[in-house]
Structure formats: structure tokens, C-alpha cells
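Listing of data_17.cif; format and content: mmCIF, C-alpha atoms.
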data_structure
#
loop_
_atom_site.label_atom_id
_atom_site.label_comp_id
_atom_site.auth_asym_id
_atom_site.auth_seq_id
_atom_site.Cartn_x
_atom_site.Cartn_y
_atom_site.Cartn_z
CA MET A 1 16.97 276.64 70.72
CA SER A 2 19.72 274.98 72.73
CA GLU A 3 18.45 272.90 75.60
CA LYS A 4 21.11 271.44 77.78
CA VAL A 5 18.91 271.61 80.84
CA GLU A 6 15.92 269.40 81.54
CA LEU A 7 12.73 271.45 81.18
CA LYS A 8 11.06 269.59 84.05
CA SER A 9 13.86 270.54 86.40
CA ILE A 10 13.40 274.22 85.51
CA LEU A 11 9.67 274.03 86.14
CA LYS A 12 10.21 272.58 89.58
CA ASP A 13 12.97 274.99 90.55
CA TRP A 14 10.82 276.93 92.97
CA ARG A 15 13.81 278.55 94.58
CA LEU A 16 14.69 280.20 91.28
CA HIS A 17 11.15 281.39 90.59
CA ALA A 18 10.72 282.75 94.11
CA VAL A 19 14.03 284.64 93.97
CA VAL A 20 13.20 286.23 90.62
CA LEU A 21 9.73 287.15 91.85
CA VAL A 22 11.22 288.93 94.88
CA ILE A 23 13.82 290.69 92.70
CA VAL A 24 11.14 291.90 90.28
CA ILE A 25 8.86 293.18 93.05
CA LEU A 26 11.74 294.99 94.73
CA THR A 27 13.26 296.56 91.63
CA GLU A 28 9.96 297.64 90.07
CA PHE A 29 9.06 299.18 93.40
CA ILE A 30 12.23 301.31 93.30
CA GLY A 31 11.46 302.35 89.73
CA GLN A 32 13.41 304.30 87.15
CA ILE A 33 16.08 306.86 88.00
CA SER A 34 17.33 309.28 85.36
CA ILE A 35 20.47 311.32 85.94
CA PRO A 36 20.75 314.16 83.41
CA VAL A 37 24.25 314.53 81.99
CA GLY A 38 24.97 317.07 79.25
CA PRO A 39 22.73 316.43 76.24
CA GLY A 40 21.49 313.06 77.43
CA ALA A 41 20.94 311.17 80.62
CA ILE A 42 22.27 308.14 82.39
CA LEU A 43 19.28 305.86 82.68
CA LEU A 44 19.04 303.53 85.64
CA LEU A 45 16.19 301.11 85.03
CA PRO A 46 14.69 298.40 87.24
CA MET A 47 16.13 295.83 84.84
CA LEU A 48 19.65 297.00 85.67
CA TYR A 49 19.08 296.68 89.42
CA ALA A 50 17.59 293.26 88.71
CA LEU A 51 20.73 292.26 86.83
CA ALA A 52 22.97 293.49 89.65
CA ILE A 53 20.94 291.82 92.40
CA GLY A 54 20.71 288.54 90.51
CA PHE A 55 24.44 288.62 89.93
CA GLY A 56 25.15 289.43 93.57
CA LEU A 57 22.94 286.61 94.80
CA TYR A 58 25.00 284.09 92.85
CA PHE A 59 27.77 284.62 95.36
CA THR A 60 25.45 283.94 98.30
CA PRO A 61 23.95 280.60 99.38
CA VAL A 62 20.54 281.76 98.11
CA ILE A 63 21.48 280.87 94.55
CA LYS A 64 23.24 277.63 93.78
CA LYS A 65 24.78 276.41 90.56
CA LYS A 66 21.54 274.62 89.72
CA GLN A 67 19.51 277.85 89.70
CA SER A 68 22.13 279.57 87.64
CA LYS A 69 21.92 276.83 85.03
CA ASN A 70 18.15 276.69 85.06
CA ALA A 71 17.93 280.45 84.53
CA GLU A 72 19.38 280.20 81.03
CA PRO A 73 16.46 278.76 79.05
CA LEU A 74 14.22 281.23 80.86
CA ILE A 75 16.27 284.10 79.47
CA VAL A 76 15.87 282.75 75.96
CA MET A 77 12.11 282.27 76.35
CA GLY A 78 11.74 285.65 78.05
CA VAL A 79 13.47 287.30 75.11
CA GLY A 80 10.94 285.52 72.89
CA VAL A 81 8.11 287.22 74.81
CA LEU A 82 9.95 290.54 74.50
CA ILE A 83 10.24 290.17 70.73
CA ALA A 84 6.52 289.33 70.56
CA LYS A 85 5.83 292.62 72.33
CA ILE A 86 8.03 294.51 69.85
CA GLY A 87 6.11 292.81 67.03
CA VAL A 88 2.72 294.02 68.24
CA VAL A 89 4.13 297.52 68.70
CA ILE A 90 5.25 297.59 65.05
CA GLY A 91 2.08 296.11 63.51
CA PRO A 92 -0.28 299.07 64.14
CA GLN A 93 2.30 301.46 62.64
CA ILE A 94 2.74 299.52 59.44
CA GLU A 95 1.07 302.21 57.33
CA ASP A 96 3.48 304.86 58.58
CA LEU A 97 6.32 302.51 57.72
CA ILE A 98 5.12 302.07 54.17
CA ALA A 99 4.55 305.83 53.86
CA VAL A 100 8.15 306.57 54.81
CA GLY A 101 9.15 304.96 51.58
CA PRO A 102 11.36 302.06 50.70
CA ALA A 103 14.34 304.32 50.03
CA LEU A 104 14.79 304.82 53.74
CA LEU A 105 15.02 301.08 54.19
CA LEU A 106 18.44 301.35 52.58
CA GLN A 107 19.52 303.49 55.45
CA GLU A 108 19.12 300.47 57.71
CA LEU A 109 22.15 298.96 55.99
CA GLY A 110 24.22 301.74 57.52
CA ASN A 111 23.91 299.94 60.81
CA LEU A 112 26.34 297.43 59.38
CA GLY A 113 29.00 300.11 59.82
CA THR A 114 29.63 298.67 63.25
CA ILE A 115 30.92 295.44 61.68
CA LEU A 116 33.39 297.28 59.48
CA LEU A 117 34.65 299.55 62.25
CA ALA A 118 34.31 297.71 65.55
CA LEU A 119 34.79 294.06 64.59
CA PRO A 120 38.34 294.40 63.21
CA VAL A 121 39.38 296.38 66.28
CA ALA A 122 37.81 293.81 68.59
CA ILE A 123 39.71 290.99 66.89
CA TRP A 124 42.87 293.04 66.91
CA LEU A 125 42.44 293.54 70.66
CA GLY A 126 42.47 289.76 71.00
CA MET A 127 38.75 289.12 71.43
CA LYS A 128 37.54 285.75 70.27
CA ARG A 129 33.95 284.83 69.36
CA GLU A 130 32.70 287.43 71.85
CA SER A 131 33.53 290.00 69.19
CA VAL A 132 30.89 288.63 66.81
CA GLY A 133 28.15 288.90 69.44
CA MET A 134 29.27 292.36 70.37
CA THR A 135 29.73 293.97 66.99
CA HIS A 136 27.29 292.26 64.58
CA SER A 137 24.77 295.01 65.41
CA ILE A 138 24.13 297.76 67.91
CA GLY A 139 22.90 295.09 70.31
CA ARG A 140 19.31 296.01 71.08
CA GLU A 141 16.57 293.57 72.08
CA PRO A 142 15.99 291.92 68.68
CA ASN A 143 19.73 291.34 68.29
CA VAL A 144 19.98 289.85 71.77
CA GLY A 145 17.13 287.55 70.79
CA LEU A 146 18.87 286.46 67.62
CA ILE A 147 22.16 285.65 69.35
CA MET A 148 20.47 283.83 72.26
CA ASP A 149 18.57 281.77 69.76
CA ARG A 150 21.56 280.91 67.60
CA TYR A 151 24.26 280.43 70.22
CA GLY A 152 22.53 280.35 73.62
CA PHE A 153 23.12 282.60 76.59
CA ASP A 154 26.07 280.63 77.90
CA SER A 155 28.27 281.18 74.85
CA PRO A 156 30.99 283.67 73.95
CA GLU A 157 28.64 285.25 71.40
CA GLY A 158 25.96 285.51 74.10
CA ARG A 159 28.36 287.23 76.48
CA GLY A 160 29.33 289.67 73.74
CA VAL A 161 25.80 290.71 72.89
CA MET A 162 24.80 290.98 76.56
CA THR A 163 27.77 293.25 77.26
CA MET A 164 26.74 295.48 74.37
CA TYR A 165 23.08 295.45 75.44
CA ILE A 166 23.88 296.48 79.01
CA PHE A 167 26.36 299.14 77.89
CA GLY A 168 23.80 300.52 75.46
CA THR A 169 21.07 300.56 78.06
CA VAL A 170 23.11 302.51 80.58
CA PHE A 171 25.18 304.79 78.39
CA GLY A 172 23.47 304.62 74.98
CA ALA A 173 21.37 307.74 75.34
CA ILE A 174 24.14 309.95 76.70
CA PHE A 175 26.65 308.60 74.21
CA LEU A 176 24.43 309.09 71.18
CA GLY A 177 23.55 312.55 72.44
CA LEU A 178 27.22 313.46 72.62
CA ILE A 179 28.37 312.08 69.27
CA ALA A 180 25.30 313.35 67.41
CA GLY A 181 26.06 316.92 68.40
CA LEU A 182 29.78 316.56 67.84
CA LEU A 183 29.64 314.85 64.45
CA ALA A 184 26.86 317.06 63.08
CA THR A 185 28.98 320.15 63.69
CA VAL A 186 32.42 318.87 62.60
CA THR A 187 31.55 316.76 59.53
CA PRO A 188 30.05 317.99 56.24
CA ILE A 189 27.21 315.47 56.57
CA HIS A 190 23.77 317.11 56.69
CA PRO A 191 22.02 317.27 60.09
CA LEU A 192 18.98 315.52 58.61
CA SER A 193 21.19 312.54 57.76
CA PHE A 194 22.19 312.40 61.40
CA ALA A 195 18.53 312.63 62.35
CA LEU A 196 17.92 309.46 60.35
CA ALA A 197 21.00 307.88 61.90
CA SER A 198 19.80 308.50 65.45
CA GLY A 199 16.91 306.11 64.90
CA VAL A 200 18.83 303.04 65.95
CA GLY A 201 15.87 301.14 67.37
CA SER A 202 15.84 302.47 70.91
CA GLY A 203 13.48 305.21 72.01
CA SER A 204 15.76 306.79 74.58
CA MET A 205 18.77 306.80 72.26
CA MET A 206 16.74 308.34 69.46
CA ALA A 207 15.39 311.01 71.79
CA ALA A 208 18.89 311.92 72.97
CA GLY A 209 20.39 311.92 69.47
CA SER A 210 17.64 313.94 67.85
CA GLY A 211 17.36 316.21 70.90
CA THR A 212 20.98 317.30 70.50
CA LEU A 213 20.47 317.87 66.80
CA ILE A 214 17.42 320.04 67.45
CA ALA A 215 19.39 322.08 69.96
CA ALA A 216 22.05 322.71 67.29
CA TYR A 217 19.63 323.22 64.37
CA PRO A 218 16.34 324.51 65.84
CA GLU A 219 15.07 325.58 62.42
CA LEU A 220 14.96 321.91 61.33
CA GLU A 221 13.10 320.70 64.41
CA SER A 222 9.98 319.17 62.86
CA GLN A 223 11.93 317.45 60.08
CA ILE A 224 14.45 316.05 62.55
CA ILE A 225 11.68 314.62 64.72
CA ALA A 226 9.82 313.09 61.79
CA LEU A 227 12.90 311.49 60.23
CA ALA A 228 14.35 310.21 63.51
CA GLY A 229 11.01 308.72 64.51
CA ALA A 230 10.46 307.02 61.17
CA SER A 231 13.98 305.66 61.11
CA ASN A 232 13.66 304.36 64.64
CA LEU A 233 10.52 302.51 63.66
CA ILE A 234 12.23 301.03 60.60
CA SER A 235 15.20 299.94 62.70
CA LEU A 236 12.89 298.28 65.19
CA ALA A 237 10.92 296.52 62.45
CA THR A 238 13.76 295.43 60.21
CA GLY A 239 16.75 295.34 62.56
CA LEU A 240 16.20 291.71 63.44
CA TYR A 241 15.99 290.60 59.83
CA VAL A 242 18.94 292.75 58.69
CA SER A 243 21.01 291.16 61.48
CA MET A 244 19.75 287.70 60.70
CA LEU A 245 20.27 287.81 56.94
CA ILE A 246 23.22 290.19 56.56
CA GLY A 247 24.80 291.38 59.81
CA LEU A 248 25.52 288.11 61.55
CA PRO A 249 26.64 286.19 58.43
CA LEU A 250 28.86 289.13 57.45
CA ALA A 251 30.38 289.34 60.93
CA ASN A 252 31.05 285.60 60.88
CA LYS A 253 32.69 285.86 57.48
CA ILE A 254 34.96 288.73 58.49
CA TYR A 255 35.80 286.94 61.73
CA ALA A 256 36.78 283.78 59.87
CA LEU A 257 38.75 285.74 57.29
CA MET A 258 40.70 287.79 59.81
CA ASN A 259 41.52 284.80 61.93
CA ARG A 260 42.74 282.85 58.94
CA ASN A 261 45.04 285.70 57.97
CA LYS A 262 46.29 285.92 61.51
CA ALA A 263 47.01 282.19 61.68
CA GLY A 264 48.76 282.36 58.32
CA GLY A 265 50.90 285.31 59.31
CA GLU A 266 52.14 283.95 62.58
CA MET B 1 6.40 266.43 71.23
CA MET B 2 3.25 267.33 73.19
CA LYS B 3 5.19 266.93 76.42
CA LYS B 4 7.80 269.45 75.35
CA ILE B 5 5.19 271.99 74.27
CA MET B 6 3.41 271.45 77.58
CA ASP B 7 6.63 272.17 79.50
CA TRP B 8 7.33 275.27 77.41
CA THR B 9 3.81 276.49 78.09
CA LEU B 10 4.16 276.04 81.84
CA ILE B 11 7.54 277.79 81.94
CA LEU B 12 6.14 280.66 79.88
CA LEU B 13 3.19 280.89 82.28
CA ILE B 14 5.57 281.29 85.21
CA PHE B 15 7.36 284.03 83.29
CA ALA B 16 3.99 285.62 82.51
CA GLY B 17 3.03 285.66 86.19
CA VAL B 18 6.25 287.39 87.22
CA THR B 19 5.93 289.91 84.37
CA LEU B 20 2.33 290.68 85.26
CA LEU B 21 3.24 291.41 88.85
CA GLY B 22 6.12 293.69 87.84
CA ASN B 23 3.79 295.39 85.37
CA MET B 24 1.41 296.24 88.22
CA ILE B 25 4.02 297.40 90.70
CA GLY B 26 6.31 299.30 88.37
CA TYR B 27 3.86 300.82 85.91
CA ASP B 28 0.63 300.97 87.93
CA ILE B 29 -1.31 299.00 85.36
CA TYR B 30 -4.10 297.22 87.22
CA SER B 31 -6.33 296.75 84.20
CA PHE B 32 -7.83 293.35 83.39
CA GLY B 33 -6.65 293.79 79.82
CA ALA B 34 -3.11 293.12 80.96
CA VAL B 35 -3.99 289.45 81.60
CA PRO B 36 -5.05 288.60 78.04
CA GLY B 37 -2.20 290.92 76.98
CA ILE B 38 0.54 288.81 78.50
CA LEU B 39 -1.25 285.60 77.44
CA VAL B 40 -1.25 286.76 73.82
CA LEU B 41 2.46 287.57 74.06
CA ILE B 42 3.45 284.19 75.48
CA ALA B 43 1.21 282.47 72.91
CA ILE B 44 3.10 284.26 70.13
CA ALA B 45 6.43 283.27 71.69
CA LEU B 46 5.27 279.67 72.06
CA LEU B 47 4.08 279.49 68.47
CA GLY B 48 7.43 280.85 67.25
CA MET B 49 9.32 278.25 69.30
CA ILE B 50 7.14 275.46 67.92
CA MET B 51 7.66 276.71 64.37
CA GLU B 52 11.44 276.80 64.81
CA GLU B 53 11.39 273.26 66.16
CA TYR B 54 9.18 271.68 63.51
CA ILE B 55 9.73 273.68 60.34
CA PRO B 56 12.90 272.33 58.73
CA VAL B 57 14.27 275.75 57.71
CA ASN B 58 17.11 277.46 59.51
CA ILE B 59 15.12 280.43 60.85
CA PRO B 60 15.49 281.27 64.56
CA ALA B 61 12.39 281.39 66.75
CA VAL B 62 12.70 285.17 67.18
CA GLY B 63 12.34 285.55 63.41
CA TYR B 64 8.97 283.80 63.49
CA ILE B 65 7.91 285.51 66.71
CA ALA B 66 8.45 289.05 65.42
CA LEU B 67 6.64 288.23 62.19
CA ILE B 68 3.61 286.69 63.95
CA GLY B 69 3.46 289.70 66.30
CA ILE B 70 3.48 292.14 63.39
CA ILE B 71 0.92 290.21 61.31
CA ILE B 72 -1.71 289.80 64.01
CA SER B 73 -1.49 293.47 65.01
CA VAL B 74 -1.69 295.18 61.61
CA PRO B 75 -4.94 297.18 61.31
CA TRP B 76 -6.49 294.93 58.67
CA PHE B 77 -5.99 291.67 60.59
CA PRO B 78 -9.33 290.52 62.06
CA GLY B 79 -9.49 291.27 65.78
CA SER B 80 -6.20 293.16 65.78
CA ALA B 81 -7.79 296.01 67.74
CA TYR B 82 -8.18 293.67 70.73
CA ILE B 83 -4.66 292.33 70.39
CA VAL B 84 -3.23 295.85 70.28
CA ASP B 85 -5.41 297.04 73.17
CA TRP B 86 -4.53 294.10 75.45
CA THR B 87 -0.82 293.94 74.69
CA SER B 88 -0.43 297.71 75.05
CA GLN B 89 -1.19 297.21 78.74
CA ILE B 90 2.02 295.24 79.15
CA GLU B 91 5.01 297.57 79.38
CA LEU B 92 8.10 296.59 77.41
CA LEU B 93 10.26 297.30 80.45
CA ALA B 94 8.12 295.04 82.63
CA ILE B 95 9.22 292.19 80.37
CA THR B 96 12.91 293.09 80.44
CA THR B 97 13.18 293.24 84.24
CA PRO B 98 12.61 289.50 84.88
CA ILE B 99 14.78 288.64 81.87
CA LEU B 100 17.72 290.55 83.32
CA ALA B 101 17.07 289.09 86.78
CA TYR B 102 17.50 285.64 85.26
CA ALA B 103 20.48 286.92 83.29
CA GLY B 104 22.14 288.24 86.45
CA ILE B 105 21.70 284.89 88.18
CA SER B 106 23.13 283.16 85.17
CA ILE B 107 26.04 285.56 84.62
CA GLY B 108 27.45 284.70 88.05
CA ARG B 109 28.46 281.30 86.75
CA ASN B 110 30.34 282.77 83.78
CA TRP B 111 31.65 285.80 85.59
CA LEU B 112 35.30 285.09 84.82
CA ASP B 113 34.55 284.96 81.12
CA PHE B 114 32.85 288.34 81.31
CA LYS B 115 35.69 289.78 83.35
CA GLU B 116 38.17 288.68 80.74
CA MET B 117 36.56 291.00 78.20
CA GLY B 118 37.10 293.93 80.59
CA TRP B 119 38.40 297.22 79.24
CA LYS B 120 38.50 295.88 75.70
CA SER B 121 34.72 295.67 75.66
CA LEU B 122 34.51 299.34 76.57
CA ILE B 123 36.54 300.38 73.52
CA VAL B 124 34.64 298.00 71.26
CA ALA B 125 31.25 299.17 72.58
CA ILE B 126 32.13 302.78 71.82
CA LEU B 127 33.23 301.82 68.31
CA VAL B 128 29.99 299.88 67.78
CA PHE B 129 28.07 303.07 68.47
CA ILE B 130 30.24 305.26 66.29
CA GLY B 131 30.27 302.68 63.48
CA THR B 132 26.50 302.32 63.44
CA PHE B 133 25.83 306.02 63.76
CA LEU B 134 28.33 307.15 61.14
CA GLY B 135 27.46 304.30 58.75
CA SER B 136 23.77 305.15 58.97
CA ALA B 137 24.43 308.86 58.51
CA LEU B 138 26.53 308.26 55.40
CA ILE B 139 23.91 306.09 53.73
CA ALA B 140 21.18 308.51 54.86
CA GLU B 141 23.08 311.35 53.18
CA VAL B 142 23.03 309.45 49.88
CA VAL B 143 19.36 308.46 50.20
CA LEU B 144 18.21 311.97 51.13
CA ARG B 145 20.17 313.48 48.24
CA ILE B 146 18.64 311.03 45.78
CA GLN B 147 15.19 311.88 47.13
CA GLY B 148 16.01 315.56 46.81
CA ILE B 149 15.23 316.28 50.46
CA ILE B 150 18.62 317.88 51.16
#

Translate this file's structure into C-alpha cells.
Amino acid sequence: MSEKVELKSILKDWRLHAVVLVIVILTEFIGQISIPVGPGAILLLPMLYALAIGFGLYFTPVIKKKQSKNAEPLIVMGVGVLIAKIGVVIGPQIEDLIAVGPALLLQELGNLGTILLALPVAIWLGMKRESVGMTHSIGREPNVGLIMDRYGFDSPEGRGVMTMYIFGTVFGAIFLGLIAGLLATVTPIHPLSFALASGVGSGSMMAAGSGTLIAAYPELESQIIALAGASNLISLATGLYVSMLIGLPLANKIYALMNRNKAGGE
Amino acid sequence: MMKKIMDWTLILLIFAGVTLLGNMIGYDIYSFGAVPGILVLIAIALLGMIMEEYIPVNIPAVGYIALIGIIISVPWFPGSAYIVDWTSQIELLAITTPILAYAGISIGRNWLDFKEMGWKSLIVAILVFIGTFLGSALIAEVVLRIQGII
């Protein structure tokens, strides 16, 4: 874990702690707002208001550079607590996971499709290391944790994964709802395969993706729900390790390769 | 070494306090179980951080943390029923709110770097979704055919 900031100085930064406390009280008080759009919904969560308020405060005298710096290790540790929570959610369901069968674990590798499709485009668009953070995975909590841990929050990779995380949180459900319905009807791929694919490791995204599929294929409802739920659980349980062992190294390799070719060609 | 762990513990306790308060306000959980719940979670996080620091293998803390969380909450781990009961009283979203508050404060300093990504990140984000979704569906098609489900 990268520690450029003195831990003692963070502990004593009462201004930072007080500001965050007020932000949390305020945003949790407002609560969640869901705006239904087509097959999904735009989800506005307290965490998004918290992000916006925190960001806004940086440009006021309330937050100084010191607080902004001290906030970083707290993000990394907070993500650690978040991953612990995800761990204890998975544990009790371990028997269901085993019952689903190891064959479905393979399906998790499909999530690497993002590296093959999005990473080359990102590099082609002129993105630097941000592209690795953004495209090594679908950028849910475990992936944010991995990148924070490896590169820190204040890094191009960290910015990439945070951008993806925020985009996914706001638009993920509606977007997955839209493409699930569209792709299931225009491609020859079976709707049950798309049911498995909609389990990307986020409850709201899975609900939107499988919901659209059920609307299009009502006769497959129970199978769609079962497969999407199981796949979501597998993604949540293994996503971190797939990213850690395959996704991130693969993204780094492709990044290095493409940049070498670029340098050679120019 | 002890000093560092002490500091980590205190910082995690501050985070725990903020999370607990948000958990009460946002999700109406006033149960006493939430207190041991958040304490268990920060203990897991702390243990993972210590393991990353002192085990000379290149595994990130989150790798240890997730594994510890899973192991102590599987049904056959002694006392897991308590762990599951306590931690279930801490909402996932109550943990993410303070994290993103800190992130917002921190992003301000790097705002220009974020801005530089701009419209490109929109295109890339959409492709990340399509790539993951289509990639998963293609492999799922193969797996389901092999299993004879479709």
C-alpha cells in the first residue's frame, strides 16, 4: 500500500474527519433516488452526492490541499473494509457457488472481453496508463480495490478505474438493460447465455440485464433468474482474483505491446 | 511495526464511526449488532493490510481481505453465524458513501487530470460494458452447450 502521507497527520486531521462526517450525515439523510428510464433506471445514490459535495468543497476554503492529500489513504483503507464486507456476503453462499458447477467459472473469463475490445480503442484514442485502470475489468468494487492497492488513488490507473466505477454506478443498470435486450434479439446467441452474462458482479446491473431478458423471453423467466443470480455471485467471488491474476497482467501486457508498436511505427 | 499497526487501527476506527452513523441514518439500522459488525469488518481489513506488509509475496491487501472474509463466514467455520449476523447489519452502501466522500475531496486536487480524459472516457466506458457483456455471453454460450442446457 503506497504511503506518501504521514499516518499521524491523517489521524489528527480533524477538519477532514468532521467534513466527511457532515457529508455522510447529509447524503444518507437524502437517501437513494431512482429515476426509471426504459428497461432500467438511473440510480442516484448517497455515495454519488457525497462524491459531488466532496469535490465541490475542494474549491472552497473548507478543504485545503492538506485534507485532499490526507483523504487518499483513507480511500484505500475504506475500500479494504468494503472488500471485507463483500467477503462475508460471499461466504454464507459458498454451497450455492459450488452447486453451480465449475463449468460456469469459465464464463468469468468472458469478462476479459473488455480488455480485447476497449483497451485497444482507449490507447488508440490517446489514453495513457488511465486506459489500463479503466479497461482491465468492468470496474466494480473489488477491481477498484485492486487498482488502489497496486497503484494508489492518485495515479493514472486510479483515475481510470474510478471513472469506470462512477460511470457504472450511475449508468450501469440502464446501459446493461438496454444492450441485453438489443443483443439478445439481434444476435444468434441464446438468451440464457445473456442471462449468465448479465451477472457482472453488481446487483442493480444484473437486475436490469435479466429483467430485460425476462420481458423479451417470459417463458424462460425462472432459468434466467437462476443463471443470472449464480453468475453474479461467481463474478463477485472470483472477479477480484480473475483481475489480479489474469485481467490486470493481460491489460499491462497489451498496453506495453501496443505502445511499443506505436513508438516503432512513428 | 507496532506503531504503524496502531495508527492503521485508529484510522480504521474513525472510518468505522463515520460508517456506523451513515448506516443508522441512511438504512435505519439501530441494532447493537451493527457495532460488532463494523468492528469485524475493520479487523478483517487490518489483518489483510498487515499480511500484505509482512508476507513477502506480491499479493495485494484486498486479495487477503476478501479471502479472510469468505473463510470466516462459510457455514462450517466456528462462530460464522455470529460473524454473518453482525456484519449483515452493516449495509454495503453505508461503507461506500464515506469512501466516495473522501474520493471527492481527493479528486479536486487531480481534477485537471480527470478532465483530460473527458469524452474519450465515455466511449471507452461504453466499450468496457459491451466487451464484458458480449465476451461473457460468448463463453456462456459454449459452456451451456457443453453442459447440454441449451

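The interatomic distance for the pair CA of His17 in chain A and CA of Ala94 in chain B works out to 16.1 Å.
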
What would the selection look like, as a PyMOL selection string, if the PyMOL selection byres ((chain A and resi 107) around 7) were run on the coordinates I just shared? (chain A and resi 104-106+108-110) or (chain B and resi 136+139-140)

Check the smallest atom-to-atom distance from each of B:Ile5, B:Leu92, B:Ala66, B:Ile59 to Ile38 in chain B using only C-alpha atoms, then report the winner. B:Leu92

So which one's closest to Gly201 in chain A, B:Ser121, B:Thr132, B:Ile25, B:Val142? Using all atoms listed in the file, please.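 The answer is B:Thr132, which sits nearest to Gly201 in chain A.
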
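Here CA of Ser31 in chain B stands at a distance of 7.5 Å from CA of Gln89 in chain B.
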
With distances taken over only C-alpha atoms, which residue among A:Ile115, A:Ile254, A:Leu57, A:Val89 lies nearest Leu16 in chain A? A:Leu57

Using only C-alpha atoms, which protein or nucleic acid residues come within 10 Å of Asp85 in chain B? Drop anything in the same chain fewer than 3 positions from it, and give the result as number ranges by chain. A: 88; B: 33-34, 36-37, 73, 80-82, 88-90

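You will find CA of Leu127 in chain B at 14.0 Å from CA of Ala180 in chain A.
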
May I ask you to extract the residues of chain A within 6 Å of chain B, using only C-alpha atoms, and to give them as a ChimeraX atom specification? /A:21,24-25,28-29,47,50-51,54-55,58,68,71,75,78,80-81,83-84,87-88,90-92,107,110-111,113-114,117-118,122,135,193-194,197
